[in-house]
$ cat input_5.cif   # mmCIF, C-alpha atoms, pLDDT in the B column; chains and numbers go by the auth columns
data_start
loop_
_atom_site.group_PDB
_atom_site.id
_atom_site.type_symbol
_atom_site.label_atom_id
_atom_site.label_comp_id
_atom_site.label_asym_id
_atom_site.label_seq_id
_atom_site.Cartn_x
_atom_site.Cartn_y
_atom_site.Cartn_z
_atom_site.B_iso_or_equiv
_atom_site.auth_seq_id
_atom_site.auth_asym_id
ATOM 1 C CA PRO A 1 -6.517 15.560 13.184 37.00 1 A
ATOM 2 C CA ILE A 2 -6.508 11.954 12.030 40.00 2 A
ATOM 3 C CA PRO A 3 -7.483 11.604 8.367 40.00 3 A
ATOM 4 C CA THR A 4 -10.060 9.008 7.398 41.00 4 A
ATOM 5 C CA VAL A 5 -11.033 8.135 3.845 44.00 5 A
ATOM 6 C CA THR A 6 -14.667 8.235 2.843 41.00 6 A
ATOM 7 C CA SER A 7 -16.095 7.322 -0.520 36.00 7 A
ATOM 8 C CA SER A 8 -15.391 10.715 -2.049 39.00 8 A
ATOM 9 C CA SER A 9 -13.410 12.897 0.327 42.00 9 A
ATOM 10 C CA VAL A 10 -11.025 13.175 3.236 44.00 10 A
ATOM 11 C CA SER A 11 -12.530 13.998 6.599 48.00 11 A
ATOM 12 C CA HIS A 12 -10.877 14.534 9.956 50.00 12 A
ATOM 13 C CA ILE A 13 -11.445 13.298 13.470 51.00 13 A
ATOM 14 C CA ASP A 14 -10.182 15.690 16.105 54.00 14 A
ATOM 15 C CA SER A 15 -7.744 14.251 18.606 50.00 15 A
ATOM 16 C CA ASN A 16 -8.215 14.942 22.311 53.00 16 A
ATOM 17 C CA SER A 17 -5.526 17.589 22.284 52.00 17 A
ATOM 18 C CA ASP A 18 -4.499 19.854 19.421 53.00 18 A
ATOM 19 C CA ASP A 19 -1.141 20.274 21.139 51.00 19 A
ATOM 20 C CA ASP A 20 -0.312 16.565 20.984 54.00 20 A
ATOM 21 C CA ARG A 21 -0.430 15.984 17.236 53.00 21 A
ATOM 22 C CA SER A 22 3.142 14.713 17.123 56.00 22 A
ATOM 23 C CA SER A 23 1.997 11.474 18.751 57.00 23 A
ATOM 24 C CA LEU A 24 -0.560 10.626 16.065 65.00 24 A
ATOM 25 C CA LEU A 25 -0.280 7.345 14.235 68.00 25 A
ATOM 26 C CA ARG A 26 -1.070 7.769 10.542 78.00 26 A
ATOM 27 C CA PHE A 27 -1.624 4.833 8.223 84.00 27 A
ATOM 28 C CA ILE A 28 -3.640 3.539 5.321 86.00 28 A
ATOM 29 C CA ALA A 29 -4.984 -0.005 5.428 89.00 29 A
ATOM 30 C CA LEU A 30 -6.090 -1.922 2.371 87.00 30 A
ATOM 31 C CA GLY A 31 -6.748 -5.509 1.422 87.00 31 A
ATOM 32 C CA ASP A 32 -7.556 -7.600 -1.613 86.00 32 A
ATOM 33 C CA TRP A 33 -5.489 -5.314 -3.828 83.00 33 A
ATOM 34 C CA GLY A 34 -3.796 -7.800 -6.153 75.00 34 A
ATOM 35 C CA ALA A 35 -5.595 -7.714 -9.467 77.00 35 A
ATOM 36 C CA ASP A 36 -5.731 -10.839 -11.588 72.00 36 A
ATOM 37 C CA LEU A 37 -3.807 -10.055 -14.781 72.00 37 A
ATOM 38 C CA SER A 38 -6.317 -11.974 -16.880 76.00 38 A
ATOM 39 C CA HIS A 39 -8.930 -9.298 -16.033 73.00 39 A
ATOM 40 C CA PRO A 40 -7.492 -5.899 -17.097 68.00 40 A
ATOM 41 C CA HIS A 41 -10.523 -3.983 -15.781 67.00 41 A
ATOM 42 C CA LEU A 42 -9.586 -5.070 -12.260 75.00 42 A
ATOM 43 C CA LEU A 43 -6.106 -3.618 -12.705 81.00 43 A
ATOM 44 C CA SER A 44 -7.642 -0.272 -13.724 83.00 44 A
ATOM 45 C CA ASN A 45 -9.807 -0.380 -10.578 84.00 45 A
ATOM 46 C CA GLN A 46 -6.693 -1.074 -8.519 86.00 46 A
ATOM 47 C CA LYS A 47 -4.964 1.932 -10.109 87.00 47 A
ATOM 48 C CA ALA A 48 -7.959 4.132 -9.256 88.00 48 A
ATOM 49 C CA VAL A 49 -7.680 3.097 -5.598 88.00 49 A
ATOM 50 C CA ALA A 50 -3.935 3.837 -5.654 90.00 50 A
ATOM 51 C CA ASP A 51 -4.650 7.276 -7.144 91.00 51 A
ATOM 52 C CA GLY A 52 -7.138 7.924 -4.335 90.00 52 A
ATOM 53 C CA MET A 53 -4.668 6.823 -1.690 89.00 53 A
ATOM 54 C CA ALA A 54 -1.998 9.130 -3.135 90.00 54 A
ATOM 55 C CA SER A 55 -4.491 12.006 -3.209 88.00 55 A
ATOM 56 C CA VAL A 56 -5.369 11.468 0.449 85.00 56 A
ATOM 57 C CA LEU A 57 -1.674 11.412 1.384 83.00 57 A
ATOM 58 C CA ALA A 58 -1.018 14.585 -0.604 81.00 58 A
ATOM 59 C CA GLN A 59 -4.014 16.393 0.939 78.00 59 A
ATOM 60 C CA THR A 60 -3.010 15.305 4.410 71.00 60 A
ATOM 61 C CA SER A 61 0.561 16.506 3.934 65.00 61 A
ATOM 62 C CA SER A 62 -0.400 19.870 2.472 57.00 62 A
ATOM 63 C CA SER A 63 -3.256 20.639 4.879 51.00 63 A
ATOM 64 C CA SER A 64 -1.681 19.430 8.096 50.00 64 A
ATOM 65 C CA SER A 65 -0.944 22.132 10.651 48.00 65 A
ATOM 66 C CA SER A 66 1.021 19.580 12.613 46.00 66 A
ATOM 67 C CA PRO A 67 4.803 19.881 12.796 41.00 67 A
ATOM 68 C CA THR A 68 4.983 16.281 11.577 43.00 68 A
ATOM 69 C CA SER A 69 4.152 14.985 8.126 48.00 69 A
ATOM 70 C CA VAL A 70 2.772 11.745 6.735 50.00 70 A
ATOM 71 C CA THR A 71 6.311 10.607 5.990 48.00 71 A
ATOM 72 C CA ASP A 72 7.329 10.472 9.654 53.00 72 A
ATOM 73 C CA ASN A 73 8.230 7.176 11.309 57.00 73 A
ATOM 74 C CA ASP A 74 4.690 6.782 12.624 67.00 74 A
ATOM 75 C CA SER A 75 3.228 6.580 9.110 82.00 75 A
ATOM 76 C CA PHE A 76 2.880 3.458 6.986 86.00 76 A
ATOM 77 C CA ILE A 77 0.665 1.431 4.684 88.00 77 A
ATOM 78 C CA LEU A 78 -0.814 -1.807 6.008 88.00 78 A
ATOM 79 C CA SER A 79 -1.933 -4.437 3.536 87.00 79 A
ATOM 80 C CA VAL A 80 -4.142 -7.024 5.176 89.00 80 A
ATOM 81 C CA GLY A 81 -3.914 -9.847 2.672 88.00 81 A
ATOM 82 C CA ASP A 82 -4.922 -11.305 -0.659 88.00 82 A
ATOM 83 C CA ASN A 83 -2.153 -9.390 -2.377 86.00 83 A
ATOM 84 C CA PHE A 84 -2.149 -11.412 -5.602 87.00 84 A
ATOM 85 C CA TYR A 85 -5.283 -12.857 -7.185 83.00 85 A
ATOM 86 C CA PRO A 86 -6.385 -15.464 -7.927 85.00 86 A
ATOM 87 C CA ALA A 87 -3.873 -17.694 -6.103 88.00 87 A
ATOM 88 C CA GLY A 88 -0.790 -15.810 -4.916 86.00 88 A
ATOM 89 C CA VAL A 89 2.406 -15.673 -6.943 88.00 89 A
ATOM 90 C CA SER A 90 4.149 -18.656 -8.456 88.00 90 A
ATOM 91 C CA GLY A 91 6.399 -19.614 -11.314 86.00 91 A
ATOM 92 C CA SER A 92 9.919 -18.597 -12.161 86.00 92 A
ATOM 93 C CA GLU A 93 11.675 -15.648 -10.571 85.00 93 A
ATOM 94 C CA ALA A 94 11.122 -13.717 -13.813 87.00 94 A
ATOM 95 C CA GLU A 95 7.359 -14.439 -13.730 87.00 95 A
ATOM 96 C CA ILE A 96 7.128 -13.359 -10.086 87.00 96 A
ATOM 97 C CA THR A 97 9.094 -10.171 -10.809 87.00 97 A
ATOM 98 C CA THR A 98 6.789 -9.352 -13.728 86.00 98 A
ATOM 99 C CA ARG A 99 3.739 -9.864 -11.543 86.00 99 A
ATOM 100 C CA PHE A 100 5.113 -7.543 -8.845 86.00 100 A
ATOM 101 C CA GLN A 101 5.973 -4.910 -11.414 86.00 101 A
ATOM 102 C CA ARG A 102 2.556 -4.991 -13.111 86.00 102 A
ATOM 103 C CA THR A 103 0.304 -5.214 -10.055 85.00 103 A
ATOM 104 C CA PHE A 104 2.347 -3.503 -7.348 87.00 104 A
ATOM 105 C CA GLU A 105 5.167 -1.223 -8.492 86.00 105 A
ATOM 106 C CA ARG A 106 3.409 0.254 -11.547 87.00 106 A
ATOM 107 C CA VAL A 107 0.195 0.698 -9.578 88.00 107 A
ATOM 108 C CA TYR A 108 1.601 2.194 -6.348 88.00 108 A
ATOM 109 C CA HIS A 109 4.203 4.346 -8.110 88.00 109 A
ATOM 110 C CA HIS A 110 3.142 7.741 -6.737 88.00 110 A
ATOM 111 C CA ASP A 111 5.691 9.916 -4.969 87.00 111 A
ATOM 112 C CA ALA A 112 3.450 9.893 -1.885 83.00 112 A
ATOM 113 C CA PHE A 113 4.238 6.186 -1.382 83.00 113 A
ATOM 114 C CA HIS A 114 8.015 6.373 -1.753 78.00 114 A
ATOM 115 C CA ASP A 115 8.870 7.303 1.830 78.00 115 A
ATOM 116 C CA LEU A 116 6.282 5.062 3.454 83.00 116 A
ATOM 117 C CA PRO A 117 6.986 1.478 4.444 85.00 117 A
ATOM 118 C CA TRP A 118 4.471 -1.173 3.474 83.00 118 A
ATOM 119 C CA TYR A 119 3.686 -3.824 6.074 86.00 119 A
ATOM 120 C CA ILE A 120 2.089 -6.707 4.258 84.00 120 A
ATOM 121 C CA VAL A 121 0.225 -9.673 5.668 87.00 121 A
ATOM 122 C CA ALA A 122 -0.313 -12.724 3.482 89.00 122 A
ATOM 123 C CA GLY A 123 -3.931 -13.718 2.992 90.00 123 A
ATOM 124 C CA ASN A 124 -5.472 -17.064 2.163 91.00 124 A
ATOM 125 C CA ARG A 125 -5.087 -16.478 -1.601 89.00 125 A
ATOM 126 C CA ASP A 126 -1.404 -15.643 -1.113 89.00 126 A
ATOM 127 C CA TYR A 127 -0.865 -18.956 0.658 91.00 127 A
ATOM 128 C CA ASP A 128 -2.238 -20.722 -2.428 92.00 128 A
ATOM 129 C CA GLY A 129 0.983 -19.556 -4.124 90.00 129 A
ATOM 130 C CA ASN A 130 4.546 -18.989 -3.011 89.00 130 A
ATOM 131 C CA VAL A 131 4.458 -16.719 0.066 89.00 131 A
ATOM 132 C CA ALA A 132 8.242 -16.962 0.427 88.00 132 A
ATOM 133 C CA ALA A 133 8.569 -15.406 -3.039 87.00 133 A
ATOM 134 C CA GLN A 134 6.611 -12.346 -1.823 84.00 134 A
ATOM 135 C CA ILE A 135 8.913 -11.990 1.189 81.00 135 A
ATOM 136 C CA ASN A 136 12.053 -12.486 -0.881 82.00 136 A
ATOM 137 C CA TYR A 137 10.940 -9.972 -3.497 80.00 137 A
ATOM 138 C CA GLY A 138 10.445 -7.385 -0.759 73.00 138 A
ATOM 139 C CA ARG A 139 13.924 -8.049 0.590 72.00 139 A
ATOM 140 C CA ARG A 140 15.534 -7.694 -2.852 72.00 140 A
ATOM 141 C CA ASN A 141 13.622 -4.560 -3.805 67.00 141 A
ATOM 142 C CA SER A 142 13.812 -2.065 -0.973 55.00 142 A
ATOM 143 C CA SER A 143 13.429 1.094 -3.060 48.00 143 A
ATOM 144 C CA GLY A 144 10.522 3.464 -2.543 42.00 144 A
ATOM 145 C CA GLY A 145 7.107 1.881 -2.593 43.00 145 A
ATOM 146 C CA SER A 146 8.307 -1.646 -1.910 42.00 146 A
ATOM 147 C CA ILE A 147 7.543 -3.999 0.939 45.00 147 A
ATOM 148 C CA ALA A 148 8.905 -3.499 4.441 40.00 148 A
ATOM 149 C CA ARG A 149 9.321 -6.430 6.764 37.00 149 A
#
$ encode --input "input_5.cif" --output "structure tokens"
Amino acid sequence: PIPTVTSSSVSHIDSNSDDDRSSLLRFIALGDWGADLSHPHLLSNQKAVADGMASVLAQTSSSSSSPTSVTDNDSFILSVGDNFYPAGVSGSEAEITTRFQRTFERVYHHDAFHDLPWYIVAGNRDYDGNVAAQINYGRRNSSGGSIAR
């Protein structure tokens, strides 16, 4: 089965063949995740979404009758843009690092994320800042939960 997230639960869509589960592509897609630090309530909302994502990954791993798990090579997280509100990242390397730590690493810290690559697309708000800084940060920080290129 392919997990899909609804507003309050995980449901499943049956594949054509129960015997061919090893070929399933599993991923989570999200966008507009980068909370503006000047609005702390948005950061708490972002953390709630991360908690939900981790719960879905944990449920999928523990309930799957497939010989593969959500940490296989066909599993990933796709971010479709607007990663840092209100206008991307900018400033010194220290300021950019702080922003990543507060709105990415401390939010998506769950064990469920550590073995999954993140494929991140820059959105229009990201291009208002320093997109190269996002790419470079991902290259420098390749530990669990960081950005894959």
$ atom_distance --input "input_5.cif" --atom1 "atom CA of A:Val49" --atom2 "atom CA of A:Ala35"
11.7 Å
$ closest_residue --input "input_5.cif" --among "A:Gly81, A:Gly52, A:Gly88, A:Gly34" --to "A:Tyr127" --atoms "only C-alpha atoms"
A:Gly88
$ closest_residue --input "input_5.cif" --among "A:Thr97, A:Thr60, A:Asn136, A:Ser90" --to "A:Phe27" --atoms "all atoms listed in the file"
A:Thr60
$ residues_near_point --input "input_5.cif" --point "(4.0, 6.2, -6.2)" --cutoff "9 Å" --atoms "all atoms listed in the file" --output "number ranges by chain"
A: 50-51, 54, 105-114, 144-145
$ closest_residue --input "input_5.cif" --among "A:Ala122, A:Ala58, A:Ala133, A:Leu43" --to "A:Gly31" --atoms "only C-alpha atoms"
A:Ala122
$ atom_distance --input "input_5.cif" --atom1 "atom CA of A:Leu116" --atom2 "atom CA of A:Arg99"
21.3 Å
$ residues_near_point --input "input_5.cif" --point "(-4.4, -16.3, -6.1)" --cutoff "10 Å" --atoms "all atoms listed in the file" --output "count of residues only"
20
$ atom_distance --input "input_5.cif" --atom1 "atom CA of A:Ser38" --atom2 "atom CA of A:Glu93"
19.4 Å
